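*Asks:* Submitted below is the structure of interest, expressed as structure tokens.
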Amino acid sequence: MNEFTAYAARLRRAASTVEQRAERLVDEVGRGALHDAELYAPVRSGKLRGGLRLERQGAVAKVTSSEFYSRFQEYGTSEMAPNPFVGPAAREWGPKLVLEVERLRDGIARDL
């Protein structure tokens, strides 16, 4: 087996697992962001906190709410100051996702 063939085989192995590994990272970070959003959510009746969910589609995750008034809490209104809870969680966990993706990249590069 020549050097190019060996490299191509390693590249195929890395490519076959990268999507699954990336989805796992996004899931872990998404669950962390959901947890923090639940902690930061203002609580009056508990419906806002209880309505938070993590929606995943492949390597994309979003913290969503089933409560229509969640956007008013997050961004405020002309009569109410914002009480953000998703934004702070995203700002905290976004850099962690970048770090984990960089680790994944570095691990793949080492394996090649």
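By convention here, the chains of the structure tokens are called A, B, ... in the order presented, each chain's residues are numbered starting at 1, and ligands are numbered starting at 1 in the order presented.
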Kindly provide the residues of region 77-109 of chain A that approach region 51-67 of chain A to within 12 Å, each paired with its closest atom pair and their distance in Å to one decimal, based on only C-alpha atoms, listed by chain and increasing number, as a Markdown table.

*Replies:*
```
| residue | atom | partner | partner_atom | distance |
| --- | --- | --- | --- | --- |
| A:Phe85 | CA | A:Val63 | CA | 10.4 |
| A:Val86 | CA | A:Val63 | CA | 7.2 |
| A:Gly87 | CA | A:Val63 | CA | 9.9 |
| A:Pro88 | CA | A:Val63 | CA | 11.9 |
| A:Ala89 | CA | A:Val63 | CA | 9.4 |
| A:Ala90 | CA | A:Val63 | CA | 8.9 |
| A:Trp93 | CA | A:Val63 | CA | 11.8 |
| A:Gly94 | CA | A:Ala61 | CA | 11.3 |
| A:Leu97 | CA | A:Ala61 | CA | 11.1 |
| A:Val101 | CA | A:Ala59 | CA | 11.2 |
```

*Asks:* Where in region 59-93 of chain A does DSSP assign alpha helix (DSSP H), given as a list in words?

*Replies:*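 Residues of region 59-93 of chain A classed as alpha helix (DSSP H): Ser70, Arg71, Phe72, Gln73, Glu74, Tyr75, Val86, Gly87, Pro88, Ala89, Ala90, Arg91, Glu92 and Trp93 of chain A.
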
*Asks:* Mind writing the picked residues with N, CA and C atoms as an mmCIF file, in the first residue's frame?

*Replies:*
```
data_model
loop_
_atom_site.group_PDB
_atom_site.id
_atom_site.type_symbol
_atom_site.label_atom_id
_atom_site.label_comp_id
_atom_site.auth_asym_id
_atom_site.auth_seq_id
_atom_site.Cartn_x
_atom_site.Cartn_y
_atom_site.Cartn_z
ATOM 1 N N SER A 70 -42.579 33.961 25.626
ATOM 2 C CA SER A 70 -41.141 33.821 25.885
ATOM 3 C C SER A 70 -40.337 34.917 25.188
ATOM 4 N N ARG A 71 -40.737 35.308 23.980
ATOM 5 C CA ARG A 71 -40.004 36.364 23.252
ATOM 6 C C ARG A 71 -40.121 37.701 23.970
ATOM 7 N N PHE A 72 -41.255 37.937 24.638
ATOM 8 C CA PHE A 72 -41.405 39.192 25.382
ATOM 9 C C PHE A 72 -40.488 39.208 26.599
ATOM 10 N N GLN A 73 -40.351 38.052 27.239
ATOM 11 C CA GLN A 73 -39.430 37.952 28.366
ATOM 12 C C GLN A 73 -37.989 38.129 27.893
ATOM 13 N N GLU A 74 -37.666 37.477 26.802
ATOM 14 C CA GLU A 74 -36.286 37.508 26.294
ATOM 15 C C GLU A 74 -35.871 38.907 25.838
ATOM 16 N N TYR A 75 -36.742 39.564 25.080
ATOM 17 C CA TYR A 75 -36.368 40.833 24.443
ATOM 18 C C TYR A 75 -37.028 42.072 25.059
ATOM 19 N N VAL A 86 -32.380 32.817 27.186
ATOM 20 C CA VAL A 86 -31.780 32.024 26.115
ATOM 21 C C VAL A 86 -30.479 32.677 25.643
ATOM 22 N N GLY A 87 -30.492 33.989 25.484
ATOM 23 C CA GLY A 87 -29.293 34.709 25.044
ATOM 24 C C GLY A 87 -28.094 34.472 25.939
ATOM 25 N N PRO A 88 -28.251 34.628 27.262
ATOM 26 C CA PRO A 88 -27.107 34.365 28.143
ATOM 27 C C PRO A 88 -26.616 32.919 28.065
ATOM 28 N N ALA A 89 -27.545 31.986 27.935
ATOM 29 C CA ALA A 89 -27.135 30.578 27.817
ATOM 30 C C ALA A 89 -26.358 30.363 26.517
ATOM 31 N N ALA A 90 -26.819 30.976 25.421
ATOM 32 C CA ALA A 90 -26.125 30.841 24.141
ATOM 33 C C ALA A 90 -24.741 31.488 24.194
ATOM 34 N N ARG A 91 -24.645 32.648 24.844
ATOM 35 C CA ARG A 91 -23.337 33.304 24.951
ATOM 36 C C ARG A 91 -22.363 32.478 25.788
ATOM 37 N N GLU A 92 -22.881 31.756 26.753
ATOM 38 C CA GLU A 92 -22.013 30.919 27.582
ATOM 39 C C GLU A 92 -21.590 29.654 26.855
ATOM 40 N N TRP A 93 -22.520 29.025 26.171
ATOM 41 C CA TRP A 93 -22.242 27.729 25.556
ATOM 42 C C TRP A 93 -21.697 27.828 24.137
#
```

*Asks:* Pick from A:Leu112, A:Leu104, A:Ala6, A:Ala81: nearest to Arg21 (chain A), with only C-alpha atoms counted?

*Replies:*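 Residue with the minimum atom-to-atom distance to Arg21 (chain A): A:Leu104.
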
*Asks:* According to DSSP computed on the backbone, where in chain A is there strand (DSSP E or B)? Give the residues as a list of chain:residue names.

*Replies:*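 Result set for chain A (strand (DSSP E or B)): A:Leu52, A:Arg53, A:Leu54, A:Glu55, A:Arg56, A:Gln57, A:Val60, A:Ala61, A:Lys62, A:Val63, A:Thr64, A:Ser65, A:Thr77, A:Met80.
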
*Asks:* For Arg103 (chain A), work out the shell of residues within 12 Å, counting only C-alpha atoms and skipping chain neighbours fewer than 6 positions away, then give it as a list in words.

*Replies:* Val18, Arg21, Ala22, Leu25, Lys96, Leu97, Ala109 and Arg110 of chain A

*Asks:* Grab the residues selected above and save them as a CSV table (one decimal), in the first residue's frame with N, CA and C atoms.

*Replies:*
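Done, and the output landed in result03.csv:
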```
chain,number,residue,atom,x,y,z
A,18,VAL,N,-17.2,11.7,11.2
A,18,VAL,CA,-17.2,13.1,11.6
A,18,VAL,C,-18.6,13.6,11.9
A,21,ARG,N,-19.9,12.3,15.2
A,21,ARG,CA,-19.2,12.9,16.3
A,21,ARG,C,-19.6,14.4,16.5
A,22,ALA,N,-19.8,15.1,15.4
A,22,ALA,CA,-20.3,16.5,15.5
A,22,ALA,C,-21.7,16.6,16.0
A,25,LEU,N,-21.5,16.2,19.8
A,25,LEU,CA,-21.0,17.4,20.4
A,25,LEU,C,-22.1,18.5,20.5
A,96,LYS,N,-18.0,27.3,24.0
A,96,LYS,CA,-17.7,25.9,24.4
A,96,LYS,C,-17.9,25.0,23.1
A,97,LEU,N,-18.9,25.3,22.3
A,97,LEU,CA,-19.1,24.5,21.1
A,97,LEU,C,-18.0,24.7,20.2
A,109,ALA,N,-7.2,15.6,12.5
A,109,ALA,CA,-5.9,15.9,11.8
A,109,ALA,C,-4.8,15.0,12.4
A,110,ARG,N,-4.9,14.7,13.7
A,110,ARG,CA,-3.9,13.8,14.3
A,110,ARG,C,-4.0,12.4,13.7
```
